[in-house]
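Q: Quick one, protein02.txt (compact mmCIF, C-alpha atoms):
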```txt
# COMPACT_ATOMS: atom_id res chain seq x y z
CA MET A 1290 -67.58 6.45 -76.06
CA ALA A 1291 -70.51 4.11 -76.56
CA ASP A 1292 -69.71 0.49 -77.29
CA GLU A 1293 -70.41 -0.71 -80.79
CA ILE A 1294 -71.48 -4.34 -80.79
CA ILE A 1295 -72.34 -6.27 -83.93
CA LEU A 1296 -73.30 -9.95 -84.03
CA LEU A 1297 -72.91 -11.89 -87.28
CA ASP A 1298 -75.29 -14.81 -86.93
CA PHE A 1299 -77.60 -17.28 -88.68
CA TRP A 1300 -81.04 -17.56 -87.15
CA PRO A 1301 -81.28 -21.35 -86.48
CA SER A 1302 -77.72 -21.63 -85.14
CA MET A 1303 -77.64 -22.88 -81.56
CA PHE A 1304 -74.13 -21.42 -81.33
CA GLY A 1305 -75.30 -17.97 -82.38
CA MET A 1306 -78.14 -18.22 -79.88
CA ARG A 1307 -75.63 -18.68 -77.06
CA VAL A 1308 -74.18 -15.25 -77.82
CA ARG A 1309 -77.69 -13.74 -78.01
CA VAL A 1310 -78.48 -15.13 -74.55
CA ALA A 1311 -75.20 -13.79 -73.09
CA LEU A 1312 -75.74 -10.32 -74.58
CA ALA A 1313 -79.32 -10.30 -73.26
CA GLU A 1314 -78.21 -11.41 -69.79
CA LYS A 1315 -75.87 -8.43 -69.69
CA GLY A 1316 -78.55 -6.06 -71.04
CA LEU A 1317 -76.41 -5.06 -74.02
CA LYS A 1318 -77.65 -3.35 -77.15
CA TYR A 1319 -76.23 -4.69 -80.40
CA GLU A 1320 -76.76 -4.82 -84.13
CA TYR A 1321 -77.82 -8.25 -85.38
CA LYS A 1322 -76.67 -9.13 -88.90
CA GLU A 1323 -78.18 -12.20 -90.52
CA GLU A 1324 -75.71 -14.14 -92.68
CA ASP A 1325 -76.66 -16.20 -95.71
CA LEU A 1326 -74.28 -19.12 -95.24
CA ARG A 1327 -74.53 -20.10 -98.92
CA ASN A 1328 -73.34 -16.60 -99.80
CA LYS A 1329 -71.12 -15.39 -96.99
CA SER A 1330 -70.69 -11.64 -96.67
CA PRO A 1331 -67.31 -9.95 -97.19
CA LEU A 1332 -67.62 -8.79 -93.58
CA LEU A 1333 -67.87 -12.37 -92.28
CA LEU A 1334 -64.94 -13.51 -94.41
CA GLU A 1335 -62.89 -10.56 -93.19
CA MET A 1336 -63.81 -11.02 -89.52
CA ASN A 1337 -63.44 -14.81 -89.40
CA PRO A 1338 -60.97 -15.73 -92.14
CA VAL A 1339 -59.84 -18.89 -90.35
CA HIS A 1340 -63.20 -20.66 -90.02
CA LYS A 1341 -65.56 -18.43 -92.06
CA LYS A 1342 -68.30 -19.34 -89.59
CA ILE A 1343 -70.84 -17.62 -87.41
CA PRO A 1344 -71.25 -16.45 -84.75
CA VAL A 1345 -68.78 -13.57 -84.81
CA LEU A 1346 -69.00 -10.76 -82.28
CA ILE A 1347 -67.53 -7.48 -83.47
CA HIS A 1348 -66.82 -5.20 -80.52
CA ASN A 1349 -65.68 -1.70 -81.48
CA GLY A 1350 -64.46 -3.14 -84.77
CA LYS A 1351 -62.52 -6.08 -83.28
CA PRO A 1352 -63.79 -9.60 -84.03
CA ILE A 1353 -64.13 -12.48 -81.59
CA CYS A 1354 -65.01 -15.95 -82.91
CA GLU A 1355 -66.17 -19.30 -81.48
CA SER A 1356 -69.36 -19.09 -79.41
CA LEU A 1357 -68.01 -20.19 -76.01
CA ILE A 1358 -64.99 -17.93 -76.39
CA ILE A 1359 -67.34 -15.05 -77.25
CA VAL A 1360 -69.51 -15.80 -74.18
CA GLN A 1361 -66.42 -15.78 -71.93
CA TYR A 1362 -65.28 -12.51 -73.52
CA ILE A 1363 -68.68 -10.93 -72.89
CA ASP A 1364 -68.57 -12.18 -69.30
CA GLU A 1365 -65.10 -10.71 -68.74
CA VAL A 1366 -65.73 -7.32 -70.34
CA TRP A 1367 -69.14 -6.71 -68.74
CA LYS A 1368 -68.25 -8.34 -65.47
CA ASP A 1369 -70.38 -6.24 -63.17
CA LYS A 1370 -73.72 -7.56 -64.35
CA ALA A 1371 -75.10 -11.12 -64.29
CA PRO A 1372 -71.81 -13.05 -64.07
CA LEU A 1373 -71.97 -16.26 -66.09
CA LEU A 1374 -68.82 -17.92 -64.81
CA PRO A 1375 -68.37 -18.51 -61.07
CA SER A 1376 -65.66 -16.64 -59.18
CA ASP A 1377 -64.04 -19.73 -57.65
CA PRO A 1378 -61.33 -21.21 -59.95
CA TYR A 1379 -62.39 -24.82 -59.30
CA GLN A 1380 -66.04 -24.06 -60.08
CA ARG A 1381 -64.90 -22.19 -63.19
CA ALA A 1382 -62.90 -25.23 -64.31
CA GLN A 1383 -65.95 -27.45 -63.82
CA ALA A 1384 -68.10 -25.01 -65.84
CA ARG A 1385 -65.54 -24.94 -68.66
CA PHE A 1386 -65.29 -28.74 -68.60
CA TRP A 1387 -69.04 -29.24 -68.97
CA ALA A 1388 -69.42 -26.51 -71.60
CA ASP A 1389 -66.63 -28.22 -73.56
CA TYR A 1390 -68.49 -31.55 -73.17
CA VAL A 1391 -71.68 -29.97 -74.54
CA ASP A 1392 -69.71 -28.71 -77.55
CA LYS A 1393 -68.13 -32.06 -78.29
CA LYS A 1394 -70.94 -34.56 -77.87
CA PRO A 1395 -74.57 -33.45 -78.20
CA TYR A 1396 -74.09 -31.34 -81.33
CA GLU A 1397 -72.55 -34.09 -83.46
CA LEU A 1398 -75.01 -36.69 -82.21
CA GLY A 1399 -77.98 -34.37 -82.77
CA ARG A 1400 -76.81 -33.79 -86.31
CA LYS A 1401 -76.65 -37.52 -86.93
CA ILE A 1402 -80.18 -37.95 -85.55
CA TRP A 1403 -81.71 -35.68 -88.20
CA SER A 1404 -79.37 -36.48 -91.06
CA THR A 1405 -79.02 -40.28 -90.97
CA LYS A 1406 -81.22 -43.37 -91.04
CA GLY A 1407 -81.27 -46.94 -89.82
CA GLU A 1408 -78.58 -48.22 -87.52
CA GLU A 1409 -76.48 -45.03 -87.64
CA GLN A 1410 -79.47 -43.03 -86.47
CA GLU A 1411 -80.37 -45.55 -83.75
CA THR A 1412 -76.83 -45.45 -82.37
CA ALA A 1413 -76.83 -41.65 -82.42
CA LYS A 1414 -80.17 -41.53 -80.55
CA LYS A 1415 -78.92 -43.92 -77.90
CA GLU A 1416 -75.67 -41.99 -77.37
CA PHE A 1417 -77.50 -38.65 -77.40
CA ILE A 1418 -79.79 -39.76 -74.59
CA GLU A 1419 -76.77 -41.04 -72.65
CA CYS A 1420 -75.17 -37.58 -72.97
CA LEU A 1421 -78.30 -35.84 -71.80
CA LYS A 1422 -78.61 -38.24 -68.85
CA LEU A 1423 -75.02 -37.47 -67.89
CA LEU A 1424 -75.82 -33.77 -68.02
CA GLU A 1425 -78.97 -34.39 -65.96
CA GLY A 1426 -76.75 -36.04 -63.36
CA GLU A 1427 -74.47 -33.03 -63.33
CA LEU A 1428 -77.46 -30.69 -62.88
CA GLY A 1429 -78.64 -32.76 -59.91
CA GLU A 1430 -81.08 -30.92 -57.68
CA LYS A 1431 -79.84 -27.45 -58.66
CA PRO A 1432 -82.30 -25.18 -60.49
CA TYR A 1433 -79.58 -24.32 -63.02
CA PHE A 1434 -76.13 -25.70 -63.88
CA GLY A 1435 -74.88 -22.35 -62.57
CA GLY A 1436 -76.62 -22.94 -59.22
CA GLU A 1437 -79.27 -20.41 -58.23
CA LYS A 1438 -78.82 -18.42 -61.43
CA ILE A 1439 -78.09 -19.34 -65.03
CA GLY A 1440 -74.42 -19.71 -65.81
CA PHE A 1441 -71.97 -20.68 -68.50
CA VAL A 1442 -73.11 -24.29 -68.88
CA ASP A 1443 -76.79 -23.26 -68.98
CA VAL A 1444 -76.00 -20.86 -71.83
CA ALA A 1445 -73.97 -23.54 -73.64
CA LEU A 1446 -76.70 -26.17 -73.45
CA VAL A 1447 -80.10 -24.43 -73.41
CA THR A 1448 -79.86 -23.30 -77.02
CA PHE A 1449 -80.01 -26.95 -78.15
CA SER A 1450 -83.47 -27.20 -76.62
CA CYS A 1451 -85.18 -25.43 -79.52
CA TRP A 1452 -83.75 -28.18 -81.73
CA PHE A 1453 -85.20 -30.98 -79.57
CA HIS A 1454 -88.56 -30.98 -81.38
CA ALA A 1455 -86.73 -31.53 -84.69
CA TYR A 1456 -84.58 -34.32 -83.22
CA GLU A 1457 -87.65 -36.02 -81.70
CA SER A 1458 -89.64 -35.73 -84.89
CA PHE A 1459 -87.00 -37.03 -87.29
CA GLY A 1460 -85.58 -39.50 -84.75
CA ASN A 1461 -88.99 -40.71 -83.68
CA PHE A 1462 -88.39 -40.61 -79.94
CA SER A 1463 -89.25 -38.52 -76.89
CA ILE A 1464 -86.50 -36.68 -75.05
CA GLU A 1465 -88.86 -35.77 -72.20
CA ALA A 1466 -89.68 -39.43 -71.58
CA GLU A 1467 -85.98 -40.21 -71.13
CA CYS A 1468 -84.79 -37.00 -69.47
CA PRO A 1469 -87.69 -35.31 -67.67
CA LYS A 1470 -85.42 -33.33 -65.32
CA LEU A 1471 -83.53 -31.82 -68.22
CA ILE A 1472 -86.75 -30.81 -69.97
CA ALA A 1473 -87.94 -29.25 -66.70
CA TRP A 1474 -84.66 -27.32 -66.64
CA THR A 1475 -85.17 -26.07 -70.22
CA LYS A 1476 -88.66 -24.81 -69.26
CA ARG A 1477 -87.21 -23.08 -66.22
CA CYS A 1478 -84.61 -21.36 -68.42
CA MET A 1479 -87.28 -20.32 -70.92
CA GLU A 1480 -89.03 -18.38 -68.15
CA LYS A 1481 -86.15 -15.94 -68.35
CA GLU A 1482 -86.56 -13.24 -70.95
CA SER A 1483 -82.88 -13.43 -71.98
CA VAL A 1484 -83.42 -17.06 -73.02
CA SER A 1485 -86.95 -16.88 -74.47
CA SER A 1486 -86.09 -13.84 -76.57
CA SER A 1487 -82.92 -15.48 -77.93
CA LEU A 1488 -84.09 -18.97 -78.82
CA GLU A 1489 -85.99 -19.72 -81.99
CA ASP A 1490 -89.43 -21.28 -82.27
CA PRO A 1491 -88.95 -25.08 -82.35
CA HIS A 1492 -91.47 -25.37 -85.20
CA LYS A 1493 -89.49 -22.91 -87.29
CA VAL A 1494 -86.34 -24.93 -86.57
CA HIS A 1495 -88.20 -28.10 -87.54
CA GLY A 1496 -89.10 -26.48 -90.87
CA PHE A 1497 -85.48 -25.50 -91.41
CA VAL A 1498 -84.26 -29.05 -90.72
CA MET A 1499 -86.91 -30.45 -93.06
CA GLY A 1500 -85.51 -28.19 -95.78
CA MET A 1501 -81.96 -29.39 -95.03
CA ARG A 1502 -83.07 -33.04 -95.20
CA LYS A 1503 -84.69 -32.42 -98.61
CA LYS A 1504 -81.50 -30.81 -99.87
CA LEU A 1505 -79.40 -33.73 -98.60
CA GLY A 1506 -81.87 -36.19 -100.15
CA ILE A 1507 -82.80 -37.85 -96.88
CA GLU A 1508 -86.33 -39.18 -96.68
CA MET B 802 -53.03 -26.52 -44.92
CA ALA B 803 -50.29 -27.88 -47.17
CA GLU B 804 -51.16 -27.92 -50.83
CA GLU B 805 -51.47 -31.32 -52.47
CA VAL B 806 -51.08 -31.35 -56.23
CA LYS B 807 -51.07 -34.56 -58.25
CA LEU B 808 -51.01 -35.08 -61.98
CA ILE B 809 -52.18 -38.29 -63.63
CA GLY B 810 -50.42 -38.37 -66.97
CA MET B 811 -48.76 -40.44 -69.65
CA TRP B 812 -45.12 -39.90 -70.62
CA GLY B 813 -45.73 -39.69 -74.38
CA SER B 814 -48.90 -37.58 -74.32
CA PRO B 815 -48.53 -33.96 -75.48
CA PHE B 816 -51.71 -33.11 -73.49
CA SER B 817 -50.18 -34.44 -70.30
CA ARG B 818 -46.87 -32.64 -70.95
CA ARG B 819 -48.73 -29.34 -71.43
CA VAL B 820 -49.87 -29.47 -67.83
CA GLU B 821 -46.34 -30.26 -66.61
CA ILE B 822 -44.99 -27.23 -68.50
CA ALA B 823 -47.52 -24.96 -66.81
CA LEU B 824 -46.90 -26.38 -63.33
CA LYS B 825 -43.11 -26.10 -63.74
CA LEU B 826 -43.40 -22.58 -65.15
CA LYS B 827 -45.26 -21.54 -62.01
CA GLY B 828 -42.96 -23.39 -59.65
CA VAL B 829 -45.75 -25.66 -58.35
CA GLN B 830 -44.64 -28.83 -56.59
CA TYR B 831 -46.60 -31.87 -57.68
CA ASP B 832 -46.62 -35.66 -57.58
CA TYR B 833 -46.63 -37.25 -61.00
CA ILE B 834 -48.58 -40.48 -61.46
CA GLU B 835 -47.92 -42.36 -64.71
CA ASP B 836 -51.03 -44.13 -65.99
CA ASP B 837 -50.90 -47.24 -68.14
CA LEU B 838 -53.53 -46.33 -70.70
CA THR B 839 -53.86 -49.96 -71.81
CA ASN B 840 -54.94 -50.75 -68.23
CA LYS B 841 -56.41 -47.58 -66.76
CA SER B 842 -56.07 -47.13 -63.02
CA PRO B 843 -59.07 -46.95 -60.65
CA LEU B 844 -57.84 -43.46 -59.71
CA LEU B 845 -58.04 -42.26 -63.33
CA LEU B 846 -61.48 -43.80 -63.87
CA LYS B 847 -62.73 -42.22 -60.65
CA SER B 848 -61.16 -38.82 -61.36
CA ASN B 849 -62.29 -38.56 -64.99
CA PRO B 850 -65.34 -40.81 -65.35
CA VAL B 851 -66.67 -38.83 -68.33
CA HIS B 852 -63.71 -39.18 -70.69
CA LYS B 853 -61.43 -41.65 -68.83
CA LYS B 854 -58.41 -39.81 -70.27
CA VAL B 855 -55.21 -38.18 -69.10
CA PRO B 856 -54.20 -35.62 -68.04
CA VAL B 857 -56.14 -35.13 -64.82
CA LEU B 858 -54.97 -32.64 -62.22
CA LEU B 859 -55.90 -33.38 -58.62
CA HIS B 860 -55.68 -30.31 -56.42
CA ASN B 861 -56.26 -31.15 -52.78
CA GLY B 862 -58.13 -34.21 -53.99
CA LYS B 863 -60.41 -32.35 -56.42
CA PRO B 864 -60.05 -33.44 -60.06
CA ILE B 865 -59.86 -31.21 -63.13
CA ALA B 866 -59.80 -32.78 -66.61
CA GLU B 867 -59.16 -31.57 -70.19
CA SER B 868 -55.74 -30.02 -70.68
CA LEU B 869 -56.85 -26.54 -71.79
CA VAL B 870 -59.32 -26.36 -68.87
CA ILE B 871 -56.49 -27.45 -66.54
CA LEU B 872 -54.14 -24.80 -67.97
CA GLU B 873 -56.67 -22.02 -67.26
CA TYR B 874 -57.23 -23.42 -63.76
CA ILE B 875 -53.48 -23.45 -63.08
CA ASP B 876 -53.18 -19.86 -64.34
CA GLU B 877 -56.01 -18.68 -62.08
CA THR B 878 -54.75 -20.55 -59.02
CA TRP B 879 -51.00 -19.86 -59.16
CA LYS B 880 -50.31 -16.30 -60.24
CA ALA B 881 -46.54 -16.40 -60.99
CA ASN B 882 -45.55 -16.26 -64.69
CA PRO B 883 -49.04 -15.79 -66.17
CA ILE B 884 -49.78 -17.86 -69.26
CA LEU B 885 -52.90 -15.93 -70.29
CA PRO B 886 -52.84 -12.20 -71.08
CA GLN B 887 -54.68 -9.71 -68.88
CA HIS B 888 -56.87 -7.95 -71.41
CA PRO B 889 -60.15 -9.73 -72.27
CA TYR B 890 -59.61 -9.32 -76.02
CA ASP B 891 -56.11 -10.80 -75.90
CA ARG B 892 -57.43 -13.62 -73.70
CA ALA B 893 -60.13 -14.36 -76.29
CA MET B 894 -57.46 -14.47 -79.01
CA ALA B 895 -55.28 -16.84 -76.97
CA ARG B 896 -58.25 -19.14 -76.36
CA PHE B 897 -59.15 -19.01 -80.06
CA TRP B 898 -55.69 -20.09 -81.20
CA ALA B 899 -55.33 -22.76 -78.52
CA LYS B 900 -58.69 -24.19 -79.64
CA TYR B 901 -57.64 -23.99 -83.30
CA ILE B 902 -54.50 -25.96 -82.52
CA ASP B 903 -56.43 -28.55 -80.50
CA GLU B 904 -59.37 -29.05 -82.80
CA LYS B 905 -58.02 -28.42 -86.28
CA CYS B 906 -54.21 -28.54 -86.42
CA MET B 907 -53.46 -31.57 -84.30
CA LEU B 908 -56.06 -33.65 -86.12
CA ALA B 909 -54.84 -32.52 -89.55
CA LEU B 910 -51.18 -33.14 -88.66
CA TRP B 911 -51.97 -36.54 -87.16
CA ASN B 912 -54.01 -37.56 -90.23
CA ALA B 913 -51.26 -36.45 -92.59
CA CYS B 914 -48.84 -38.78 -90.80
CA TRP B 915 -51.06 -41.80 -90.28
CA CYS B 916 -53.50 -41.90 -93.19
CA GLU B 917 -53.49 -44.43 -96.01
CA LYS B 918 -51.08 -43.66 -98.86
CA LYS B 919 -53.95 -42.92 -101.23
CA ASP B 920 -55.25 -40.16 -98.95
CA ARG B 921 -51.85 -38.75 -98.09
CA GLU B 922 -51.61 -35.95 -100.63
CA LYS B 923 -54.91 -34.39 -99.59
CA ALA B 924 -54.17 -34.87 -95.88
CA VAL B 925 -50.76 -33.23 -96.20
CA GLU B 926 -52.33 -30.26 -98.03
CA GLU B 927 -54.84 -29.81 -95.21
CA ALA B 928 -52.07 -30.02 -92.61
CA LYS B 929 -50.07 -27.40 -94.47
CA VAL B 930 -53.08 -25.03 -94.52
CA CYS B 931 -53.14 -25.25 -90.72
CA LEU B 932 -49.41 -24.63 -90.44
CA LYS B 933 -49.65 -21.66 -92.82
CA THR B 934 -52.47 -20.18 -90.73
CA LEU B 935 -50.30 -20.44 -87.61
CA GLU B 936 -47.30 -19.03 -89.49
CA ASN B 937 -49.40 -15.99 -90.44
CA GLU B 938 -50.60 -15.56 -86.87
CA LEU B 939 -47.09 -15.68 -85.46
CA LYS B 940 -45.82 -12.98 -87.86
CA ASP B 941 -42.90 -11.22 -86.18
CA LYS B 942 -43.59 -12.34 -82.62
CA LYS B 943 -41.00 -14.44 -80.81
CA PHE B 944 -43.72 -16.64 -79.32
CA PHE B 945 -47.49 -16.78 -79.80
CA GLY B 946 -47.62 -15.29 -76.30
CA GLY B 947 -45.30 -12.41 -77.27
CA GLU B 948 -41.94 -12.14 -75.53
CA SER B 949 -42.55 -15.17 -73.36
CA ILE B 950 -44.41 -18.44 -73.86
CA GLY B 951 -48.13 -18.43 -73.16
CA LEU B 952 -51.20 -20.63 -73.47
CA VAL B 953 -50.94 -20.98 -77.24
CA ASP B 954 -47.25 -21.92 -77.17
CA ILE B 955 -47.95 -24.55 -74.52
CA ALA B 956 -50.87 -25.90 -76.59
CA ALA B 957 -48.58 -26.01 -79.63
CA ASN B 958 -46.14 -28.46 -78.01
CA PHE B 959 -47.32 -31.14 -80.44
CA ILE B 960 -46.27 -28.93 -83.34
CA GLY B 961 -42.99 -28.00 -81.72
CA PHE B 962 -41.89 -31.54 -80.98
CA TRP B 963 -44.19 -34.46 -81.74
CA VAL B 964 -44.73 -33.60 -85.41
CA GLY B 965 -41.01 -33.83 -86.09
CA VAL B 966 -40.58 -37.16 -84.27
CA ILE B 967 -43.61 -38.81 -85.88
CA GLY B 968 -42.68 -37.32 -89.25
CA GLU B 969 -39.26 -38.95 -89.11
CA VAL B 970 -40.77 -42.32 -88.28
CA VAL B 971 -43.44 -42.30 -91.02
CA GLY B 972 -41.39 -40.38 -93.58
CA VAL B 973 -43.60 -37.28 -93.80
CA GLU B 974 -41.90 -33.95 -93.29
CA LEU B 975 -44.48 -31.26 -92.61
CA LEU B 976 -42.71 -28.39 -90.85
CA THR B 977 -40.21 -27.49 -93.58
CA ILE B 978 -38.11 -24.33 -93.38
CA ASP B 979 -38.75 -23.30 -96.98
CA LYS B 980 -42.54 -23.20 -96.50
CA PHE B 981 -42.69 -22.26 -92.82
CA PRO B 982 -39.61 -20.21 -91.90
CA ILE B 983 -41.37 -18.30 -89.09
CA LEU B 984 -42.85 -21.42 -87.51
CA CYS B 985 -39.46 -23.19 -87.72
CA LYS B 986 -37.81 -20.24 -86.01
CA TRP B 987 -40.51 -20.40 -83.32
CA ARG B 988 -39.89 -24.12 -82.90
CA ASP B 989 -36.16 -23.57 -82.35
CA GLU B 990 -36.76 -20.79 -79.79
CA TYR B 991 -39.44 -22.91 -78.14
CA LEU B 992 -37.32 -26.02 -77.83
CA GLY B 993 -34.53 -23.82 -76.48
CA CYS B 994 -36.62 -22.77 -73.48
CA SER B 995 -35.57 -24.75 -70.44
CA VAL B 996 -39.14 -25.21 -69.17
CA ILE B 997 -40.05 -26.77 -72.53
CA LYS B 998 -36.84 -28.78 -73.04
CA GLU B 999 -37.16 -30.35 -69.60
CA ASN B 1000 -40.79 -31.36 -70.17
CA LEU B 1001 -40.54 -33.33 -73.34
CA PRO B 1002 -40.36 -37.10 -73.64
CA SER B 1003 -37.07 -38.53 -74.85
CA LYS B 1004 -36.86 -38.36 -78.65
CA GLU B 1005 -35.53 -41.92 -78.78
CA LYS B 1006 -38.26 -43.35 -76.56
CA LEU B 1007 -41.02 -41.51 -78.46
CA GLY B 1008 -39.58 -42.50 -81.83
CA ALA B 1009 -39.42 -46.14 -80.73
CA TYR B 1010 -43.03 -45.96 -79.50
CA PHE B 1011 -44.26 -44.70 -82.87
CA ARG B 1012 -42.07 -47.16 -84.78
CA THR B 1013 -43.77 -50.00 -82.91
CA ARG B 1014 -47.11 -48.53 -83.91
CA VAL B 1015 -46.10 -48.45 -87.58
CA GLU B 1016 -44.88 -52.05 -87.40
CA SER B 1017 -48.03 -53.36 -85.74
CA ALA B 1018 -50.17 -51.45 -88.25
CA SER B 1019 -48.36 -53.00 -91.20
CA GLN B 1020 -48.55 -56.46 -89.62
CA SER B 1021 -52.30 -56.25 -89.18
CA LYS B 1022 -52.80 -55.63 -92.93
```
Now, as a test, write the supplied structure out as C-alpha cells.

A:
Amino acid sequence: MADEIILLDFWPSMFGMRVRVALAEKGLKYEYKEEDLRNKSPLLLEMNPVHKKIPVLIHNGKPICESLIIVQYIDEVWKDKAPLLPSDPYQRAQARFWADYVDKKPYELGRKIWSTKGEEQETAKKEFIECLKLLEGELGEKPYFGGEKIGFVDVALVTFSCWFHAYESFGNFSIEAECPKLIAWTKRCMEKESVSSSLEDPHKVHGFVMGMRKKLGIE
Amino acid sequence: MAEEVKLIGMWGSPFSRRVEIALKLKGVQYDYIEDDLTNKSPLLLKSNPVHKKVPVLLHNGKPIAESLVILEYIDETWKANPILPQHPYDRAMARFWAKYIDEKCMLALWNACWCEKKDREKAVEEAKVCLKTLENELKDKKFFGGESIGLVDIAANFIGFWVGVIGEVVGVELLTIDKFPILCKWRDEYLGCSVIKENLPSKEKLGAYFRTRVESASQSK
C-alpha cells in the first residue's frame, strides 16, 4: 500500500519549512495543503485540536503535530535514507538539545526584532546575535551541525535563514557582519536541493512581514 | 570500564526528580549532587553553560541537559523498563504530550497559583483548559503510557504532586475530583507507584519552601 502523506502548512512558516526539508531529504512525495490561518480549515482543526497550528503531517490519515516532533517521526519511519539524527545516543541528545535551543530562543527574539521598536528592539537584536554566535560556536569547523551531512539541528535552524533579510531590514543591522560563519553555513545548506526547494524567497518573506507590521500598526 | 553516572539536581525541582524516576526505573546506579541554585556550582556552570540549570546528567563525564532530552537519552542507553513506546507514531504522540505538559500546562498551572489576584480568574480558567485536555487524552488508560508509566507520566510529575502542594499553600485548588475525575484517579495510581513515591520531595519540606516564597512576596509589596 502506498503511503499517503499530507502536509498542512503556511508558506512563510519556518516551522512548516522544516518538515518540507525533512520530506525532501527522504525523497518523499506528499500533498501540500496551504492553510489560511485567519480562516483555519476543518481539517486543521480536526487534526490539531490542541494547538490548531501548522505544520501538521497526516500520514495514512494519522496526524502528527509540532515541527521537531514531525521531523523525528519522519526520520524514524523512513530510517533507511538520509538519517537526520545520529545513531549514537550521546550525539542524539546533543542534537535534541540544540534543536530545542533553536526553538526556544531565536524564534521569539526574531519576532521581537520585526514587531517592536526602540529599546525592546535593540535588546532583542543584541540577544539574537548572541544566540547565533553561540550556535556558530557549536557548529565550529564542521560543514554542518550534523557533521559531514545535514542533520536534525541543520533542519531546525536553516529555515530561519530566509527570514534573516526581513530581520536585518526591519532591525537595521547585518547578521553576516556579526556571524559570517553562520551565513556561510546557510549558503552551504542552500546548495542542497532539499533545502533550496523548501525555503521561501527572502524577499517574499520580507513582503509578508511588511504586511504583518502594517496590520499591527508598527511603523 | 565501570559506568559513572552523576546527576546534578535540586531537591524541590520537578525537572530534576523526573530524571531520578527514570534512572531508578531502569535500575541505574548514580551519584546525586545537590546544587544550591542561589549559588551555582562551578560543575553546574561548566556542565550546562548554555542554560546554567538543573538537572544535568553526567554519563562518564559527558553532560546532557534539559530533562526531556535526558529522559530520551536514558531510555536509549539503558534498555530495561522502556519509557518510550516502540512504534514511531506512538513515540511521536508521547513526545507531543510531554511537550504540551512542559510548555503549556506547567506554565498555566504555575501562573494560576502565583499570579496577582486580579488576574487569577483568567489564569485559573486557562489552567483548567490544560487539565481538561489531559483528562481527555487519558480517557480510560491507567497511565498516559498505558499499563505502566512512561515518558508522559514522568513529565506530568508536577501535575501529580507539585500542583497539590502549591495549591494548598496559595489556596488555589486546581485538580478537583468533580471536574477532573480521570486525572485525579491517575494521580492516585501514580502516587501509589513505588518508583514515583520514593522520588518525590517531602510534602512538608516543599510546602514550607513555597510558604516562605509567599511570605517574602507579600513582604516585598

Q: Please identify all residues of chain A having at least one atom at most 12 Å from any atom of chain B, considering all atoms listed in the file, and return them as a count of residues only.

A: 53

Q: Please list as a PyMOL selection string every residue within 9 Å of segment 1405-1415 of chain A, counting only C-alpha atoms and excluding residues in the same chain fewer than 5 positions away.

A: chain A and resi 1397-1400+1420+1456+1460+1462+1507-1508

Q: For segment 950-956 of chain B, please output as a list in words all residues within 8 Å (counting all atoms listed in the file; exclusion window: fewer than 4 positions along the same chain).

A: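 Counting only the stated atoms, we get Phe816, Arg819, Ile822, Ala823, Leu869, Leu872, Pro883, Ile884, Leu885, Ala895, Arg896, Trp898, Ala899, Ile902, Asp903, Phe944, Phe945, Gly946 and Tyr991 of chain B.
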
Q: Could those residues be written to a file, using C-alpha atoms, as a compact mmCIF listing (two decimals), in the frame of the given file?

A:
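Heads up, here's the output in again_39.txt:
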```txt
# COMPACT_ATOMS: atom_id res chain seq x y z
CA PHE B 816 -51.71 -33.11 -73.49
CA ARG B 819 -48.73 -29.34 -71.43
CA ILE B 822 -44.99 -27.23 -68.50
CA ALA B 823 -47.52 -24.96 -66.81
CA LEU B 869 -56.85 -26.54 -71.79
CA LEU B 872 -54.14 -24.80 -67.97
CA PRO B 883 -49.04 -15.79 -66.17
CA ILE B 884 -49.78 -17.86 -69.26
CA LEU B 885 -52.90 -15.93 -70.29
CA ALA B 895 -55.28 -16.84 -76.97
CA ARG B 896 -58.25 -19.14 -76.36
CA TRP B 898 -55.69 -20.09 -81.20
CA ALA B 899 -55.33 -22.76 -78.52
CA ILE B 902 -54.50 -25.96 -82.52
CA ASP B 903 -56.43 -28.55 -80.50
CA PHE B 944 -43.72 -16.64 -79.32
CA PHE B 945 -47.49 -16.78 -79.80
CA GLY B 946 -47.62 -15.29 -76.30
CA TYR B 991 -39.44 -22.91 -78.14
```

Q: What's around segment 1489-1492 of chain A at 10 Å? Count only C-alpha atoms, leave out sequence neighbours fewer than 2 positions away in its own chain, and write the answer as a VMD selection string.

A: chain A and resid 1300 to 1303 1306 1448 1450 to 1455 1484 to 1487 1494 to 1498

Q: Tell me, in Å to one decimal, how far atom CA of Gly1305 of chain A is from atom CA of Lys1476 of chain A.

A: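 These two atoms are separated by 19.9 Å.
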
Q: State, in Å with one decimal place, the distance from atom CA of Thr1475 of chain A to atom CA of Glu1320 of chain A.

A: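 Calculated distance between atom CA of Thr1475 of chain A and atom CA of Glu1320 of chain A is 26.8 Å.
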
Q: If you measure from atom CA of Lys827 of chain B to atom CA of Glu804 of chain B, what distance in Å do you get, rounded to one decimal?

A: 14.2 Å

Q: Can you tell me, as a CSV table (one decimal) with C-alpha atoms, in the frame of the given file, what residues are no more than 12 Å from Lys929 of chain B when counting only C-alpha atoms, ignoring any on the same chain fewer than 4 positions away?

A:
```
chain,number,residue,atom,x,y,z
B,905,LYS,CA,-58.0,-28.4,-86.3
B,906,CYS,CA,-54.2,-28.5,-86.4
B,907,MET,CA,-53.5,-31.6,-84.3
B,909,ALA,CA,-54.8,-32.5,-89.6
B,910,LEU,CA,-51.2,-33.1,-88.7
B,911,TRP,CA,-52.0,-36.5,-87.2
B,912,ASN,CA,-54.0,-37.6,-90.2
B,913,ALA,CA,-51.3,-36.4,-92.6
B,922,GLU,CA,-51.6,-36.0,-100.6
B,923,LYS,CA,-54.9,-34.4,-99.6
B,924,ALA,CA,-54.2,-34.9,-95.9
B,925,VAL,CA,-50.8,-33.2,-96.2
B,933,LYS,CA,-49.6,-21.7,-92.8
B,934,THR,CA,-52.5,-20.2,-90.7
B,935,LEU,CA,-50.3,-20.4,-87.6
B,936,GLU,CA,-47.3,-19.0,-89.5
B,960,ILE,CA,-46.3,-28.9,-83.3
B,973,VAL,CA,-43.6,-37.3,-93.8
B,974,GLU,CA,-41.9,-34.0,-93.3
B,975,LEU,CA,-44.5,-31.3,-92.6
B,976,LEU,CA,-42.7,-28.4,-90.8
B,977,THR,CA,-40.2,-27.5,-93.6
B,980,LYS,CA,-42.5,-23.2,-96.5
B,981,PHE,CA,-42.7,-22.3,-92.8
B,984,LEU,CA,-42.8,-21.4,-87.5
```
